[in-house]
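For reference, the structure discussed in these notes is given below.
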Amino acid sequence: MKVLIVGLGSIGKRHLKNILSTTDCEIIVYSKHTNLKSSVKKNVKIFNTLDACLSEKPDVAFITNETAYHIPIAKKLAKAGLDLFIEKPLSNTIENVNELSKIVEKKKTVTLIGCNLRFDSCIRKIKSLIEQKVVGKIISVKVECGTYLPDWHPDENYTNSYAARDDLGGGVVLTCIHELDYLYWFFGKVKEVFSVTGQFSNLKIDTSDLSATILKFQSDIIAEVHLDYFQKPEIRSCKIIGTKGTIYWDSLTNEVKVYDFLKTKWTSKLKIKKYQKNEMYVKELKHFIQCVNRKEKSINDLSQGNYLLKVALEIIKSSKLKKSIIIKK
């Protein structure tokens, strides 16, 4: 199998390393940077035009460039018959997404949106506990993703990163869309959103650095979602409150535990002592390759990515309009 990687930023390099270490795939890289040859393996071909890459006849593509450029690239590659791994979020606009969807449907393209938390052991354990109804009927949820943007890539100027720029599809809602994605994976479609989203810190960026959002799901579950770019130490957390108990997890302990209302005690359901961040990316990669080989629908295909993008854009719109927004079914 020949794999094309479009864009070689931090996530592109991660996928490149994982493909090289876990598969025997040939790799082609499309990048406009000219100083990459010393930083990648000799058996990786690097080109600075997409047409040159396509002349190598790749089978699949990993689209890992800036968010704002995902759709134009995806359309061209889908038309050429490649299966597509598209890093989250799908885009920063719904413009041309329907056109891409039509191409994908016509070509029977296998697609996967790169929301790697769906492959995190703790998140998957939480989903299993929800499906087992261990805390009864779920009433409300609180999730958080707090991080410090300048620490993401200490050797780079954070003000130039795509995450810091609206024109490249950055902003905290789209860049930190993982929490929205796993809530959608857990609970299904959203009925209504209300959000306060904007720039509140002293970071030198031209986009949002904080989002506080209320989601009402079609199941009437209420979720509070906090996302920010300015918090230390970095943390992710999820608390799910039901009629019989509470599920709790955070990234500082990497433990999923359940509080039983009747027994009035916590029980550990999963604790990862030596957390390896890269494991979920490897699992994600293997899932995508398996789906491509079997021509199967992936766990998070284009239609799901399209829906989640619409929800994220409505969250941003809600803040601008200062009112709640009903999500169309």
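Just remember, in the structure tokens the first chain shown is A, the second B, etc., residues are 1-based per chain, and ligands are 1-based in the order shown.
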Identify, on the basis of only C-alpha atoms, every residue whose closest approach to Leu180 in chain A does not exceed 10 Å; exclude the query and any residue fewer than 5 positions from it along the same chain; express the result as a PyMOL selection string. chain A and resi 143+173-174+185-186+215+223+225+227+308-309+311-312
Write out as a PyMOL selection string all residues of range 22-138 of chain A that DSSP puts in helix (DSSP H, G or I) for this structure's backbone. chain A and resi 22+37-39+50-54+67-79+97-107+116-119+121-131
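Of note, CA of Asp120 in chain A and CA of Tyr275 in chain A are spaced 10.1 Å apart.
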Compare A:Asn160, A:Asn293, A:Ser251, A:Asn202 by their minimum atom-to-atom distance to Lys273 in chain A, counting only C-alpha atoms, and give me the closest one. A:Ser251
If we count only C-alpha atoms and set the cut-off at 8 Å, which residues sit around Cys115 in chain A, ignoring sequence neighbours fewer than 4 positions away in its own chain? Please answer as a PyMOL selection string. chain A and resi 87-88+178+181+300
Step one, run DSSP on the backbone; step two, keep only residues of range 232-312 of chain A assigned to strand (DSSP E or B); then write them as an MDAnalysis selection string. chainID A and resid 232:242 245:250 255:260 265:271
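In terms of minimum interatomic distance to Glu279 in chain A, A:Arg118 ranks closest within A:Lys108, A:Arg294, A:Arg118, A:Lys263, counting only C-alpha atoms.
Around Phe85 in chain A, within 7 Å and counting only C-alpha atoms, the residues found are Ala61, Phe62, Ile63, Thr111, Leu112, Ile113 and Gly114 of chain A, once anything fewer than 3 positions away on its own chain is removed.
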Would you mind exporting N, CA, C and O atoms of the selected residues as a compact mmCIF listing (two decimals), in the first residue's frame?
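Written output follows (out_29.txt):
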# COMPACT_ATOMS: atom_id res chain seq x y z
N ALA A 61 -4.67 8.55 1.64
CA ALA A 61 -4.06 9.81 2.02
C ALA A 61 -4.40 10.17 3.45
O ALA A 61 -5.53 9.94 3.91
N PHE A 62 -3.43 10.73 4.15
CA PHE A 62 -3.62 11.33 5.46
C PHE A 62 -3.56 12.84 5.26
O PHE A 62 -2.49 13.38 4.92
N ILE A 63 -4.68 13.51 5.45
CA ILE A 63 -4.75 14.96 5.26
C ILE A 63 -4.51 15.61 6.61
O ILE A 63 -5.39 15.64 7.47
N THR A 111 -13.50 6.66 4.63
CA THR A 111 -13.07 7.89 5.29
C THR A 111 -12.99 7.69 6.80
O THR A 111 -13.75 6.93 7.38
N LEU A 112 -12.06 8.41 7.42
CA LEU A 112 -11.96 8.45 8.87
C LEU A 112 -11.54 9.85 9.29
O LEU A 112 -10.55 10.38 8.78
N ILE A 113 -12.30 10.46 10.19
CA ILE A 113 -11.93 11.74 10.76
C ILE A 113 -11.07 11.47 11.99
O ILE A 113 -11.45 10.70 12.87
N GLY A 114 -9.91 12.11 12.06
CA GLY A 114 -8.92 11.80 13.08
C GLY A 114 -9.22 12.36 14.46
O GLY A 114 -8.56 13.30 14.90
Sorted by chain and rising residue number, list the residues of range 93-197 of chain A at most 9 Å from range 325-329 of chain A (counting only C-alpha atoms), each with its closest atom pair and distance in Å to one decimal, as JSON lines.
{"residue": "A:Lys189", "atom": "CA", "partner": "A:Lys329", "partner_atom": "CA", "distance": 8.2}
{"residue": "A:Val190", "atom": "CA", "partner": "A:Ile327", "partner_atom": "CA", "distance": 6.6}
{"residue": "A:Lys191", "atom": "CA", "partner": "A:Ile327", "partner_atom": "CA", "distance": 5.2}
{"residue": "A:Glu192", "atom": "CA", "partner": "A:Ile326", "partner_atom": "CA", "distance": 4.4}
{"residue": "A:Val193", "atom": "CA", "partner": "A:Ile325", "partner_atom": "CA", "distance": 5.4}
{"residue": "A:Phe194", "atom": "CA", "partner": "A:Ile325", "partner_atom": "CA", "distance": 6.5}
Would you mind exporting all heavy atoms of the selected residues as a PDB file, in the first residue's frame?
ATOM      1  N   LYS A 189     -26.957  12.651  18.813  1.00  0.00           N
ATOM      2  CA  LYS A 189     -27.093  13.998  18.259  1.00  0.00           C
ATOM      3  C   LYS A 189     -27.535  15.031  19.295  1.00  0.00           C
ATOM      4  O   LYS A 189     -28.172  14.708  20.289  1.00  0.00           O
ATOM      5  CB  LYS A 189     -28.065  13.981  17.080  1.00  0.00           C
ATOM      6  CG  LYS A 189     -27.503  13.242  15.866  1.00  0.00           C
ATOM      7  CD  LYS A 189     -28.372  13.421  14.642  1.00  0.00           C
ATOM      8  CE  LYS A 189     -27.703  12.818  13.408  1.00  0.00           C
ATOM      9  NZ  LYS A 189     -28.504  13.021  12.183  1.00  0.00           N
ATOM     10  N   VAL A 190     -27.161  16.284  18.985  1.00  0.00           N
ATOM     11  CA  VAL A 190     -27.431  17.416  19.860  1.00  0.00           C
ATOM     12  C   VAL A 190     -28.705  18.121  19.421  1.00  0.00           C
ATOM     13  O   VAL A 190     -28.959  18.290  18.233  1.00  0.00           O
ATOM     14  CB  VAL A 190     -26.247  18.402  19.829  1.00  0.00           C
ATOM     15  CG1 VAL A 190     -26.530  19.639  20.663  1.00  0.00           C
ATOM     16  CG2 VAL A 190     -24.966  17.707  20.293  1.00  0.00           C
ATOM     17  N   LYS A 191     -29.503  18.533  20.406  1.00  0.00           N
ATOM     18  CA  LYS A 191     -30.750  19.248  20.129  1.00  0.00           C
ATOM     19  C   LYS A 191     -30.560  20.765  20.160  1.00  0.00           C
ATOM     20  O   LYS A 191     -31.113  21.488  19.331  1.00  0.00           O
ATOM     21  CB  LYS A 191     -31.815  18.858  21.155  1.00  0.00           C
ATOM     22  CG  LYS A 191     -33.181  19.507  20.934  1.00  0.00           C
ATOM     23  CD  LYS A 191     -34.131  19.243  22.113  1.00  0.00           C
ATOM     24  CE  LYS A 191     -34.450  17.779  22.259  1.00  0.00           C
ATOM     25  NZ  LYS A 191     -35.459  17.552  23.353  1.00  0.00           N
ATOM     26  N   GLU A 192     -29.757  21.252  21.125  1.00  0.00           N
ATOM     27  CA  GLU A 192     -29.656  22.697  21.336  1.00  0.00           C
ATOM     28  C   GLU A 192     -28.306  23.051  21.946  1.00  0.00           C
ATOM     29  O   GLU A 192     -27.743  22.276  22.719  1.00  0.00           O
ATOM     30  CB  GLU A 192     -30.784  23.148  22.269  1.00  0.00           C
ATOM     31  CG  GLU A 192     -30.911  24.638  22.474  1.00  0.00           C
ATOM     32  CD  GLU A 192     -32.119  24.995  23.346  1.00  0.00           C
ATOM     33  OE1 GLU A 192     -32.849  24.063  23.764  1.00  0.00           O
ATOM     34  OE2 GLU A 192     -32.329  26.193  23.609  1.00  0.00           O
ATOM     35  N   VAL A 193     -27.766  24.237  21.595  1.00  0.00           N
ATOM     36  CA  VAL A 193     -26.502  24.693  22.158  1.00  0.00           C
ATOM     37  C   VAL A 193     -26.620  26.142  22.626  1.00  0.00           C
ATOM     38  O   VAL A 193     -27.361  26.941  22.064  1.00  0.00           O
ATOM     39  CB  VAL A 193     -25.337  24.598  21.141  1.00  0.00           C
ATOM     40  CG1 VAL A 193     -25.157  23.178  20.650  1.00  0.00           C
ATOM     41  CG2 VAL A 193     -25.531  25.549  19.968  1.00  0.00           C
ATOM     42  N   PHE A 194     -25.869  26.442  23.681  1.00  0.00           N
ATOM     43  CA  PHE A 194     -25.691  27.829  24.112  1.00  0.00           C
ATOM     44  C   PHE A 194     -24.251  27.983  24.556  1.00  0.00           C
ATOM     45  O   PHE A 194     -23.730  27.141  25.296  1.00  0.00           O
ATOM     46  CB  PHE A 194     -26.613  28.210  25.262  1.00  0.00           C
ATOM     47  CG  PHE A 194     -26.386  29.626  25.734  1.00  0.00           C
ATOM     48  CD1 PHE A 194     -26.839  30.701  24.986  1.00  0.00           C
ATOM     49  CD2 PHE A 194     -25.675  29.869  26.895  1.00  0.00           C
ATOM     50  CE1 PHE A 194     -26.602  32.002  25.389  1.00  0.00           C
ATOM     51  CE2 PHE A 194     -25.433  31.173  27.316  1.00  0.00           C
ATOM     52  CZ  PHE A 194     -25.899  32.248  26.561  1.00  0.00           C
TER      53      PHE A 194
END
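For Leu149 in chain A, the residues within 10 Å (counting only C-alpha atoms, excluding itself and residues fewer than 5 positions away along the chain) are Pro154, Tyr158, Thr159, Ser161, Ala163, Ala164, Val172, Leu203, Ile205, Asp209, Asp228, Tyr229, Phe230, Gln231, Lys232 and Glu234 of chain A.
The shortest atom-to-atom distance to Ile221 in chain A, with only C-alpha atoms taken into account, belongs to A:Leu183 out of A:Leu4, A:Cys122, A:Val196, A:Leu183.
Of the listed residues (A:Asp166, A:Asp260, A:Glu26, A:Glu284), A:Asp260 comes nearest to Gly245 in chain A; the distances count only C-alpha atoms.
We find CA of Thr64 in chain A and CA of Gly7 in chain A to be spaced 5.3 Å apart.
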